[in-house]
Each structure stands twice: as structure tokens, then as C-alpha cells.
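A short worksheet on the structure shown next.
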Amino acid sequence: MKKTTIFGIIILLFILIVSLVVKSNYLFSILIIIGLYAIIVQGLGILMGYAGQVSFGHAAFYGLGAYTAAILTTRYHWPTIAALLAAIILPGTIAALIGRQTLKLRELYLALATLGFGILVFIAFNEGREFTGGPSGISSIPFLNIGSFAFDSDRKFFVLVWAVLALLLLGINNLVHSRTGRALRAIRESEYAAENAGIDSASLKLQAFIFSALLAGLAGGLYAFYITFISPAAFSYHASIEFVLMAVVGGLGTFWGPLLGAAVIVALSEILREVVPLLIPGAGGEYQIIIYGIILILLMVYKPEGLSSLGAVFDRSPKRAEQNTNKQ
Amino acid sequence: MKKSIKSWKFIPCLVLLLALSLIVGGCGTNSQTDAAGKEAYKIGAVIDISGNSSSLGVPERDTLKMMEEQLNAKGGINGHPVELEILDNKSTEQEAVTAVKGLIDKGVLAVIGCSSSGPSMAMIPTVQNAKIPMISLAAASSIVEPVSERQWVFKTPQSDIVMVNKIIGYLQSNNLQKVAFMSMNNSYGDGGKKTFAVAAKESNITIVAEEKFAADDKDMTPQLTRVKASGSQAVIVWAIPPSASILTKNFKDMGLTIPLIHSHGVGNQNFIDLAQGAADGVILPIGKLAVADQISADDPQKKVLDNYITDYTKKYNSAPNSFGGYAVDAFNLLVNAIEKAGADRTAIRDQLEKTQGYTGISGIFNMSAQDHNGLKPDSAVMVRIENGKWKLIK
């Protein structure tokens, strides 16, 4: 049996078991948030881990997706599923428009350009008074529905988000093992060498950028339909940095990295919220952020290649990875 | 599928994920019972303890803890101890939603929070669906309006309109007809601006200049220069520190002499300290807590205010501010409702809505099916800052 089939069965079982066994809406909401972030970080992982480009502006695409879904459903009364589709396409289109110019930049300059783009979009959300609701945001967004079936509970939404995530994991796994995946990695290692080998690096980088924007838009649209209220605060550059952090903590260019990174960052912040007041009753929330920071620094010092490298312990043949790298 | 061996890593991932989630889900599920064996009433609170709004959230958390201790020392509600769980939302909307879902899972009877408007708005769909009473500590009137979509939601701070009417009254009695309006570019500033624009129009007050600034701006001289050129007779500012303090300093440095009127958002000592002496002369509407020592002894709120100030100062060695006051009112309103309704969420909601004549820190609350705040204009007073102290304008 192909390993992808095994993986498919495992994740289906996971979704099935969790959705049947778990009764806590809180647990579902945590898993949903992890799922949404993992979708964004998947795209970011392709961009950073395979194409070797960094983006500090992905909260903008996330926000564009959320605002597209919210505005189309509340103001223009689009069917929710059509609005979700638009929430994927619009950020992708914008990425295509800005990508061609932006991706000519390299390293630090690219990081700054994407950061600037993120801030620009954030300001637009705040200033689009009538259109975006300004700083007060948009409320009363409907639940996502397909025909008469509405995703109106945490349980249903969990199944939806994780099914999407599972499809993406499989799709991306195929992608990175294809010719495109190898070409992307070649660009990351050396753009000049890749060009000399006949790879159209500009076009591939652009495609990776657009793909990551589509995924961020998808996550944004789902977020709007889940929380049913959005305001600009959730899409500031802090969120962009957090996404990059998740990608790095999980491990760049690895299969499990994005999911693991999202899970660890979200779970860590949830656990600290419960634990810190028990340990230090009088503490302001800042203690929590300090502890969070210390854990992340330790992680980066001792496991700079990301958490998913811990999985190597379970790998039956440690040399396998090395062999694969050589083959590609 | 040469790399497929990585599939095995999925298992440790899952184990980790589940373990982490279960630890979180499992926290605090054990409920306590008192000596008489009566089960504890659980109340939840989601407060902005860290992040942008922590200056609001920290005094609120401290106040809630103090209220819980005092209540349980007195024997709780009808012999039931109260178990209050306070969670931090880091001033973000997404964390407010997950936190409130966690509290609902633990079976809380009602939720207090959040400190600011965005996170409060984000929690509303969840509490409406779960049918859990919620009392917000944030100002925006959209939190409780329209009531038909907010049956389960209440709030204790005065709505913007209460404060705006106070300011309009002041402008009219001083014959100031042309004003400039400056606001912070977030939901607080936005709400104040909209409310003021409507009220000013009705009272024939003209807004000759409108300026905005970001919450983290470090210099408002350009905006003030335009205000100076507009020929306005007074400036109204809707902001919180530190930007409100910076603006006040810039205002003094530019030698402007027209009245500077702030909103209740600057109603804490922090504002005066950060303005470094420039705050003298600033006029603002505020709850009576800040001038409790100056209001007349026969004011119905006098005793409540004095008690809170004494208790808080004794416990935390600093004077309380209006944000803590919002928490006092939310806690007491809830306790009063539970006392009559018992452990029944629908009955608690109904009792909250029937609240009449509760004398609190922010005013006298009279709720109804149309009004889930219940405060009238007499719940605020106008003050002037003199020598770094609040002085009541009679």
C-alpha cells in the first residue's frame, strides 16, 4: 500500500475519532485555530522552505481573505461558498500583481517590501470606513453553508478545516516530490545554478508566492465564517511575524513542520494562559510573554532546524533522509 | 514515495497534540464545595491582562479577585461559594473566543469581559449561541445594541452618548460653537467620533476640523497645526494614554490656549503622569469615582465609592480607577442576579435585565429589555485637572 494512502487513512481516522469522542467546544476551537494557521503556514512553508523567499506580509493576504468573505456576505449577500471562493482568488490575484515586481528583490529587501505591503493593507482596513467598517470591524457574518447544510457548530467546522488541511498536506507532499518541487529547492540552494540548469526561477518564485497567498486567503475566509466577527487588529504585522515564527519553529521544508509549528505555538500560548496565573498569581500577562519568549529562544538555540527534526528519532533509517537529498 | 517514512512522524505529532490539548482541557475542572457541602457557583472572566489594553485589564483583574475574596469571606451567594476563573485574552479577538469557549465547557454560569470593544464583540456570537449571560467592561455601544441580537449581552461602562452629552452640555454653557475633533484611529476613537458628530449636529455645534492619529504615534504636532489654523474655539480629543498624553504635551508646547477637552478614556493617573505637567487645565467627563472626595455627602453613590476606594487601596496600595469600577459593577450585578435566580442561566439573564436601582461605581443602573447598560447622563461629571489632581466642575 502506498504511504500516502496510509497517511490518508490515519488523518481520516483522526478526524473521525476526534469529532466523535471530543465533546469540548474549547478543544474544537483550539484545533480549528491550529488548522487555520497550519493552512497559512503550509503556503508560507513552500515559499520559505522550498523557494527560499521570506514574507512578512502574509497577515495581509489572510486579512484580505477574511474581509472579502465578510464584505461579500454581509453587504452584497453573496452565497457563503461563493464568497469563500472569492476570498481565495482575490488575495491570489493581488499576489500575482505585486509579486512580479516584489520578487525581483532579494533577502532583506524582499522582507522589507512584504512588511511594507502588510502595513499598507492593514491601514486600508482601518481607513476604509464605510467599506471595511473601519477600526470597529464587521459583525454578523453568517456561518458557512453548502445548500441547506450550515457549518454552525465547532464540531462541524473542525471537520471542514481539518479535511481541507489533510487535502493540502497530501497535495503539497506530491508537489514537493515532483519536478516543480525539485526545481524550487534548486532555487533555494542557488538561484544562479538553477537558472543555468534551465529553471525559470522568476516564474516559479511567483507561482510559489501566489500559491501561498491563495492559502492565506482561504484560511482568512474560513476564519471570518468561524468567528463571524472581524476587525483589523487580527491582521496586523504581528500576525505576519507569528506565521513566520510558526514556519520556522516547525521546521522549514519539512512535511510536518507547518502543522507542528502551528500546533506548538497555539498550544503553548493556551497552556501558559492557564498555568502562569496558578504559578504566579499576581503576575501581569507580561510574564506569560516572557516565558513564551524564553521557550522560543531555547528552541532556536538547540533546534534551529525546527521541531520536526525531533521526529528523526522515530525514523527507522537515519541515513534515509541524506540519501534522498543526494538523489534530488 | 521515497520520503514516505516520514509518515511515522505523524504519530508523535498526534500524541503531542492530543496530550497538550487534554492538559489544557483538563485544567480546573475539579469544582470545590464549601464546608456546608453546597456546590460552588462558577463564574468566568476574560480580561485583557496583557497586550494593548493591559492598562485597563490589570486593575479589572485585581478588582475581580478582591471581590471574589470578599464575597466568599461573607459566605458566598446563599451559602454557595463563588469560584471565579479569570483568563487573559492578550487583547486579541481570537484568544477571547477560545478562552470563552473554554469557560463555557467548564460550566460557568456567566462570563465577565472583555476589557476592550474588539474582543468583546468577537465573544458575542459564542455567548449568544451557547445562551450564557455576558457582562462586558468595554465602552462601545454596539456591544449591547441592537438588543434584539444581543439578548445575552450587558455592559457596565457608560456608553459614549452619556459622555458626549456631558461635553455638549459644557460647550453650550460656555457658548463654544466651533470645535475641532481629534480621535485615535481605533474602535474607541471611531465610536466617540460617530456619536459626537450626531450629537453636535443636533445641538448646532459645528465641527470645523477633524483629525486622526494612531494609537502608537509619538507626535501630533502636524494634526494640531491644522486644528490651530481652523479657528476652532475648543478641541475635543477621543483617545487613551499614551497617545492622549503626547497630544496634550504637544498642545501645551504649541502654546494653544483654547479649552482642551478629553474623553473618559484618560480617566486614570497614568494620563497625568505621562503628560508631565501638561495635563493641567484639561477638561473631561468622568465617572464619580475619580472625584469621590469632592461629591456631596448625600450623593447616593458616595458610600459605595468610598468603600471601594478604601478596600482597594488597602489591598493594592494604589488608588483604584474607573476601569476597576466597571469590574465592581459587573461582579455585583451578576451576584445580585444569581442570588435571585440560582444556578439557572436563563433566569440569571432575566434577572440582569430586570435590574433596577442598583447603585454602583459608574452610576445607578436601571436596565430594561431595550437598554442593557442602564446608565443615565447623571452617572458622569465634568472635571478639570488642576495641579495633577481631578477637580469637580460644579
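Following the order of the C-alpha cells, chains are lettered A, B, ..., residues in each are numbered from 1, and ligands are numbered from 1.
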
Write out as a ChimeraX atom specification the residues lying within 9 Å of stretch 235-247 of chain A, counting only C-alpha atoms and excluding same-chain residues fewer than 4 positions away. /A:37-38,40-42,44-45,48-49,54-64,115,118-119,121-122,231,251-252,257-265,306

Would you mind exporting the chosen residues as a compact mmCIF listing (two decimals), in the first residue's frame, restricted to N, CA and C atoms?
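What landed in result-v8.txt:
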# COMPACT_ATOMS: atom_id res chain seq x y z
N TYR A 37 -4.16 28.16 11.03
CA TYR A 37 -2.78 28.65 10.96
C TYR A 37 -1.92 27.67 10.15
N ALA A 38 -2.18 26.37 10.32
CA ALA A 38 -1.39 25.39 9.59
C ALA A 38 -1.58 25.55 8.09
N ILE A 40 -2.15 28.39 6.48
CA ILE A 40 -1.32 29.53 6.07
C ILE A 40 0.15 29.13 6.05
N VAL A 41 0.58 28.45 7.11
CA VAL A 41 2.00 28.12 7.24
C VAL A 41 2.42 27.10 6.18
N GLN A 42 1.47 26.26 5.73
CA GLN A 42 1.76 25.37 4.59
C GLN A 42 2.26 26.18 3.41
N LEU A 44 3.27 29.32 3.36
CA LEU A 44 4.48 30.05 3.72
C LEU A 44 5.68 29.10 3.68
N GLY A 45 5.43 27.85 4.06
CA GLY A 45 6.50 26.84 4.05
C GLY A 45 7.01 26.58 2.64
N MET A 48 9.02 29.79 1.78
CA MET A 48 10.27 29.96 2.52
C MET A 48 11.16 28.73 2.41
N GLY A 49 10.58 27.56 2.62
CA GLY A 49 11.37 26.34 2.71
C GLY A 49 11.82 25.81 1.37
N VAL A 54 11.36 34.97 1.81
CA VAL A 54 10.69 35.22 3.09
C VAL A 54 9.60 36.26 2.88
N SER A 55 8.49 36.09 3.59
CA SER A 55 7.43 37.10 3.51
C SER A 55 6.97 37.49 4.90
N PHE A 56 7.03 38.80 5.19
CA PHE A 56 6.49 39.31 6.45
C PHE A 56 5.16 40.00 6.20
N GLY A 57 4.48 39.61 5.13
CA GLY A 57 3.22 40.28 4.80
C GLY A 57 2.04 39.34 4.66
N HIS A 58 2.16 38.12 5.18
CA HIS A 58 1.09 37.18 4.91
C HIS A 58 -0.18 37.42 5.71
N ALA A 59 -0.07 38.18 6.81
CA ALA A 59 -1.29 38.54 7.52
C ALA A 59 -2.18 39.39 6.62
N ALA A 60 -1.58 40.10 5.67
CA ALA A 60 -2.36 40.92 4.74
C ALA A 60 -3.23 40.03 3.84
N PHE A 61 -2.65 38.95 3.32
CA PHE A 61 -3.43 38.04 2.47
C PHE A 61 -4.51 37.34 3.30
N TYR A 62 -4.12 36.98 4.53
CA TYR A 62 -5.07 36.37 5.48
C TYR A 62 -6.24 37.34 5.71
N GLY A 63 -5.90 38.61 5.95
CA GLY A 63 -6.92 39.63 6.18
C GLY A 63 -7.75 39.89 4.93
N LEU A 64 -7.10 39.93 3.77
CA LEU A 64 -7.84 40.16 2.53
C LEU A 64 -8.87 39.06 2.32
N LEU A 115 6.82 43.39 4.27
CA LEU A 115 6.42 44.03 5.53
C LEU A 115 5.63 45.30 5.21
N GLY A 118 2.19 44.55 3.96
CA GLY A 118 1.32 44.16 5.07
C GLY A 118 0.79 45.37 5.81
N ILE A 119 1.66 46.34 6.07
CA ILE A 119 1.25 47.54 6.80
C ILE A 119 0.27 48.36 5.96
N VAL A 121 -1.88 47.27 3.69
CA VAL A 121 -3.20 46.64 3.70
C VAL A 121 -3.88 46.86 5.06
N PHE A 122 -3.09 46.77 6.13
CA PHE A 122 -3.62 46.99 7.48
C PHE A 122 -4.23 48.40 7.59
N SER A 231 -12.07 42.35 12.76
CA SER A 231 -11.63 43.73 12.82
C SER A 231 -10.16 43.74 12.41
N GLY A 251 9.84 23.86 11.36
CA GLY A 251 10.90 23.29 10.52
C GLY A 251 10.59 23.60 9.06
N LEU A 252 11.50 24.32 8.41
CA LEU A 252 11.28 24.71 7.02
C LEU A 252 11.54 23.56 6.07
N GLY A 257 6.37 20.10 9.42
CA GLY A 257 6.73 21.39 10.01
C GLY A 257 5.56 22.35 10.21
N PRO A 258 4.81 22.67 9.14
CA PRO A 258 3.75 23.67 9.28
C PRO A 258 2.72 23.31 10.35
N LEU A 259 2.24 22.07 10.33
CA LEU A 259 1.22 21.66 11.30
C LEU A 259 1.80 21.68 12.71
N LEU A 260 3.02 21.16 12.83
CA LEU A 260 3.65 21.09 14.14
C LEU A 260 3.90 22.50 14.69
N GLY A 261 4.41 23.39 13.82
CA GLY A 261 4.68 24.76 14.25
C GLY A 261 3.42 25.45 14.73
N ALA A 262 2.35 25.34 13.96
CA ALA A 262 1.08 25.97 14.34
C ALA A 262 0.57 25.38 15.65
N ALA A 263 0.64 24.04 15.76
CA ALA A 263 0.13 23.37 16.96
C ALA A 263 0.90 23.80 18.19
N VAL A 264 2.23 23.84 18.09
CA VAL A 264 3.04 24.15 19.26
C VAL A 264 2.83 25.59 19.71
N ILE A 265 2.81 26.53 18.75
CA ILE A 265 2.66 27.94 19.14
C ILE A 265 1.28 28.19 19.76
N GLY A 306 14.25 23.36 13.48
CA GLY A 306 12.81 23.23 13.70
C GLY A 306 12.45 21.96 14.44

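Using only C-alpha atoms, the protein and nucleic acid residues lying no more than 8 Å from B:Gly388, apart from those fewer than 5 places from it along its own chain, are Ile272, Gly277, Ala279 and Asp280 of chain B.
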
Taking N, CA and C atoms for each residue, export the selection above as a PDB file, in the first residue's frame.
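Written output follows (part19.pdb):
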ATOM      1  N   ILE B 272      -2.073  61.636  33.532  1.00  0.00           N
ATOM      2  CA  ILE B 272      -1.477  62.840  34.115  1.00  0.00           C
ATOM      3  C   ILE B 272       0.037  62.675  34.218  1.00  0.00           C
ATOM      4  N   GLY B 277       3.040  67.188  33.506  1.00  0.00           N
ATOM      5  CA  GLY B 277       2.682  68.551  33.891  1.00  0.00           C
ATOM      6  C   GLY B 277       1.792  69.259  32.896  1.00  0.00           C
ATOM      7  N   ALA B 279      -0.921  68.270  31.663  1.00  0.00           N
ATOM      8  CA  ALA B 279      -2.340  67.908  31.788  1.00  0.00           C
ATOM      9  C   ALA B 279      -3.162  68.959  32.524  1.00  0.00           C
ATOM     10  N   ASP B 280      -2.510  69.870  33.250  1.00  0.00           N
ATOM     11  CA  ASP B 280      -3.265  70.884  33.989  1.00  0.00           C
ATOM     12  C   ASP B 280      -4.117  71.704  33.039  1.00  0.00           C
TER      13      ASP B 280
END

How would you write, as a PyMOL selection string, the set of residues in stretch 206-366 of chain B that DSSP gives as strand (DSSP E)? chain B and resi 206-213+234-238+260-262+283-287+358-359+364-365

Close residues, B:Gly113 itself excluded, 6 Å, only C-alpha atoms, min 5 positions apart in chain, as a PDB file with C-alpha atoms, in the first residue's frame:
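The resulting out01.pdb:
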ATOM      1  CA  ALA B  45     -13.943  36.273  33.191  1.00  0.00           C
ATOM      2  CA  VAL B  46     -11.986  37.012  30.020  1.00  0.00           C
ATOM      3  CA  ILE B  47      -9.860  40.113  30.570  1.00  0.00           C
ATOM      4  CA  SER B 136     -18.756  43.448  29.033  1.00  0.00           C
ATOM      5  CA  LEU B 137     -16.403  46.003  30.593  1.00  0.00           C
TER       6      LEU B 137
END

What lies within 12 Å of B:Lys389 using only C-alpha atoms, ignoring chain neighbours under 2 positions off, as a ChimeraX atom specification? /B:267-273,277,279-283,290-291,293-294,383-387,391-392

Expected file contents, prior selection, N, CA and C atoms, as a PDB file, in the first residue's frame:
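selection-v6.pdb, freshly written:
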ATOM      1  N   GLY B 267      -9.197  58.762  32.012  1.00  0.00           N
ATOM      2  CA  GLY B 267      -9.552  58.831  33.420  1.00  0.00           C
ATOM      3  C   GLY B 267      -8.679  58.018  34.347  1.00  0.00           C
ATOM      4  N   ASN B 268      -7.379  58.033  34.179  1.00  0.00           N
ATOM      5  CA  ASN B 268      -6.502  57.389  35.167  1.00  0.00           C
ATOM      6  C   ASN B 268      -5.241  58.222  35.385  1.00  0.00           C
ATOM      7  N   GLN B 269      -4.591  57.964  36.516  1.00  0.00           N
ATOM      8  CA  GLN B 269      -3.418  58.732  36.920  1.00  0.00           C
ATOM      9  C   GLN B 269      -2.324  58.662  35.864  1.00  0.00           C
ATOM     10  N   ASN B 270      -2.260  57.538  35.179  1.00  0.00           N
ATOM     11  CA  ASN B 270      -1.307  57.303  34.109  1.00  0.00           C
ATOM     12  C   ASN B 270      -1.267  58.457  33.107  1.00  0.00           C
ATOM     13  N   PHE B 271      -2.438  58.952  32.743  1.00  0.00           N
ATOM     14  CA  PHE B 271      -2.543  60.043  31.767  1.00  0.00           C
ATOM     15  C   PHE B 271      -1.817  61.291  32.275  1.00  0.00           C
ATOM     16  N   ILE B 272      -2.073  61.636  33.532  1.00  0.00           N
ATOM     17  CA  ILE B 272      -1.477  62.840  34.115  1.00  0.00           C
ATOM     18  C   ILE B 272       0.037  62.675  34.218  1.00  0.00           C
ATOM     19  N   ASP B 273       0.474  61.495  34.648  1.00  0.00           N
ATOM     20  CA  ASP B 273       1.912  61.248  34.802  1.00  0.00           C
ATOM     21  C   ASP B 273       2.633  61.347  33.470  1.00  0.00           C
ATOM     22  N   GLY B 277       3.040  67.188  33.506  1.00  0.00           N
ATOM     23  CA  GLY B 277       2.682  68.551  33.891  1.00  0.00           C
ATOM     24  C   GLY B 277       1.792  69.259  32.896  1.00  0.00           C
ATOM     25  N   ALA B 279      -0.921  68.270  31.663  1.00  0.00           N
ATOM     26  CA  ALA B 279      -2.340  67.908  31.788  1.00  0.00           C
ATOM     27  C   ALA B 279      -3.162  68.959  32.524  1.00  0.00           C
ATOM     28  N   ASP B 280      -2.510  69.870  33.250  1.00  0.00           N
ATOM     29  CA  ASP B 280      -3.265  70.884  33.989  1.00  0.00           C
ATOM     30  C   ASP B 280      -4.117  71.704  33.039  1.00  0.00           C
ATOM     31  N   GLY B 281      -5.384  71.878  33.405  1.00  0.00           N
ATOM     32  CA  GLY B 281      -6.297  72.653  32.562  1.00  0.00           C
ATOM     33  C   GLY B 281      -7.155  71.789  31.666  1.00  0.00           C
ATOM     34  N   VAL B 282      -6.788  70.505  31.520  1.00  0.00           N
ATOM     35  CA  VAL B 282      -7.592  69.610  30.676  1.00  0.00           C
ATOM     36  C   VAL B 282      -8.962  69.380  31.330  1.00  0.00           C
ATOM     37  N   ILE B 283      -9.993  69.400  30.488  1.00  0.00           N
ATOM     38  CA  ILE B 283     -11.364  69.195  30.982  1.00  0.00           C
ATOM     39  C   ILE B 283     -11.861  67.862  30.442  1.00  0.00           C
ATOM     40  N   ALA B 290     -13.395  59.171  40.409  1.00  0.00           N
ATOM     41  CA  ALA B 290     -12.180  59.978  40.456  1.00  0.00           C
ATOM     42  C   ALA B 290     -12.316  61.164  41.410  1.00  0.00           C
ATOM     43  N   VAL B 291     -13.575  61.628  41.621  1.00  0.00           N
ATOM     44  CA  VAL B 291     -13.759  62.793  42.483  1.00  0.00           C
ATOM     45  C   VAL B 291     -14.651  62.440  43.679  1.00  0.00           C
ATOM     46  N   ASP B 293     -14.032  62.202  46.684  1.00  0.00           N
ATOM     47  CA  ASP B 293     -13.806  63.036  47.863  1.00  0.00           C
ATOM     48  C   ASP B 293     -14.468  64.415  47.732  1.00  0.00           C
ATOM     49  N   GLN B 294     -14.909  64.761  46.498  1.00  0.00           N
ATOM     50  CA  GLN B 294     -15.464  66.106  46.310  1.00  0.00           C
ATOM     51  C   GLN B 294     -16.979  66.125  46.137  1.00  0.00           C
ATOM     52  N   VAL B 383     -14.880  67.272  35.015  1.00  0.00           N
ATOM     53  CA  VAL B 383     -13.798  67.660  35.930  1.00  0.00           C
ATOM     54  C   VAL B 383     -12.731  68.426  35.162  1.00  0.00           C
ATOM     55  N   ARG B 384     -11.924  69.196  35.905  1.00  0.00           N
ATOM     56  CA  ARG B 384     -10.774  69.871  35.339  1.00  0.00           C
ATOM     57  C   ARG B 384      -9.545  69.388  36.110  1.00  0.00           C
ATOM     58  N   ILE B 385      -8.432  69.197  35.400  1.00  0.00           N
ATOM     59  CA  ILE B 385      -7.220  68.766  36.099  1.00  0.00           C
ATOM     60  C   ILE B 385      -6.476  70.005  36.590  1.00  0.00           C
ATOM     61  N   GLU B 386      -6.242  70.056  37.907  1.00  0.00           N
ATOM     62  CA  GLU B 386      -5.501  71.189  38.492  1.00  0.00           C
ATOM     63  C   GLU B 386      -4.396  70.634  39.364  1.00  0.00           C
ATOM     64  N   ASN B 387      -3.168  71.074  39.122  1.00  0.00           N
ATOM     65  CA  ASN B 387      -2.002  70.596  39.873  1.00  0.00           C
ATOM     66  C   ASN B 387      -1.949  69.062  39.902  1.00  0.00           C
ATOM     67  N   LYS B 391     -10.434  67.979  39.629  1.00  0.00           N
ATOM     68  CA  LYS B 391     -11.269  68.933  40.371  1.00  0.00           C
ATOM     69  C   LYS B 391     -12.647  68.984  39.724  1.00  0.00           C
ATOM     70  N   LEU B 392     -13.664  68.739  40.534  1.00  0.00           N
ATOM     71  CA  LEU B 392     -15.037  68.726  40.043  1.00  0.00           C
ATOM     72  C   LEU B 392     -15.442  70.124  39.567  1.00  0.00           C
TER      73      LEU B 392
END

How would you write, as an NGL selection string, the set of residues in stretch 166-337 of chain B that DSSP gives as helix (DSSP H, G or I)? :B and (166-173 or 187-202 or 221-229 or 243-253 or 264-266 or 269-274 or 288-291 or 302-316 or 322-337)

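Using only C-alpha atoms, the shortest contact distance between chain A and any of B:Pro146, B:Pro300, B:Gly287, B:Pro81 is found at B:Pro146.
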
Would you pick out the contacts of A:Arg188 at 10 Å or less, using only C-alpha atoms, so that residues sharing its chain but fewer than 5 positions from it are not included, and give the list as a PyMOL selection string? chain A and resi 47-53+182-183+194+201+205

Using only N, CA and C atoms, please write the residues we just selected to a file, as an mmCIF file, in the first residue's frame.
data_model
loop_
_atom_site.group_PDB
_atom_site.id
_atom_site.type_symbol
_atom_site.label_atom_id
_atom_site.label_comp_id
_atom_site.auth_asym_id
_atom_site.auth_seq_id
_atom_site.Cartn_x
_atom_site.Cartn_y
_atom_site.Cartn_z
ATOM 1 N N LEU A 47 6.892 28.747 0.219
ATOM 2 C CA LEU A 47 7.597 29.967 -0.182
ATOM 3 C C LEU A 47 8.973 30.062 0.477
ATOM 4 N N MET A 48 9.022 29.788 1.782
ATOM 5 C CA MET A 48 10.274 29.959 2.520
ATOM 6 C C MET A 48 11.160 28.729 2.415
ATOM 7 N N GLY A 49 10.577 27.561 2.619
ATOM 8 C CA GLY A 49 11.373 26.343 2.710
ATOM 9 C C GLY A 49 11.820 25.814 1.366
ATOM 10 N N TYR A 50 10.983 26.026 0.340
ATOM 11 C CA TYR A 50 11.347 25.458 -0.957
ATOM 12 C C TYR A 50 11.846 26.530 -1.924
ATOM 13 N N ALA A 51 11.091 27.665 -2.026
ATOM 14 C CA ALA A 51 11.529 28.701 -2.950
ATOM 15 C C ALA A 51 12.556 29.644 -2.315
ATOM 16 N N GLY A 52 12.710 29.544 -0.975
ATOM 17 C CA GLY A 52 13.736 30.330 -0.310
ATOM 18 C C GLY A 52 13.442 31.824 -0.226
ATOM 19 N N GLN A 53 12.151 32.219 -0.296
ATOM 20 C CA GLN A 53 11.798 33.632 -0.190
ATOM 21 C C GLN A 53 11.081 33.846 1.134
ATOM 22 N N ARG A 182 11.458 19.906 -6.941
ATOM 23 C CA ARG A 182 12.925 19.858 -7.042
ATOM 24 C C ARG A 182 13.463 21.169 -7.598
ATOM 25 N N ALA A 183 12.752 21.729 -8.580
ATOM 26 C CA ALA A 183 13.185 22.992 -9.163
ATOM 27 C C ALA A 183 13.177 24.097 -8.107
ATOM 28 N N ALA A 194 20.468 27.244 -10.543
ATOM 29 C CA ALA A 194 19.174 26.775 -11.027
ATOM 30 C C ALA A 194 18.875 27.353 -12.407
ATOM 31 N N SER A 201 13.425 30.616 -12.830
ATOM 32 C CA SER A 201 13.273 30.855 -11.389
ATOM 33 C C SER A 201 12.249 31.954 -11.104
ATOM 34 N N LYS A 205 9.145 31.260 -8.604
ATOM 35 C CA LYS A 205 9.030 32.001 -7.343
ATOM 36 C C LYS A 205 7.687 32.709 -7.276
#

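Here atom CA of B:Ser141 stands at a distance of 8.0 Å from atom CA of B:Gly191.
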
So which residues touch stretch 28-32 of chain A within 7 Å, counting only C-alpha atoms, skipping near sequence neighbours fewer than 3 positions away, as a ChimeraX atom specification? /A:24-25,35-36,154-155,158,161 /B:98
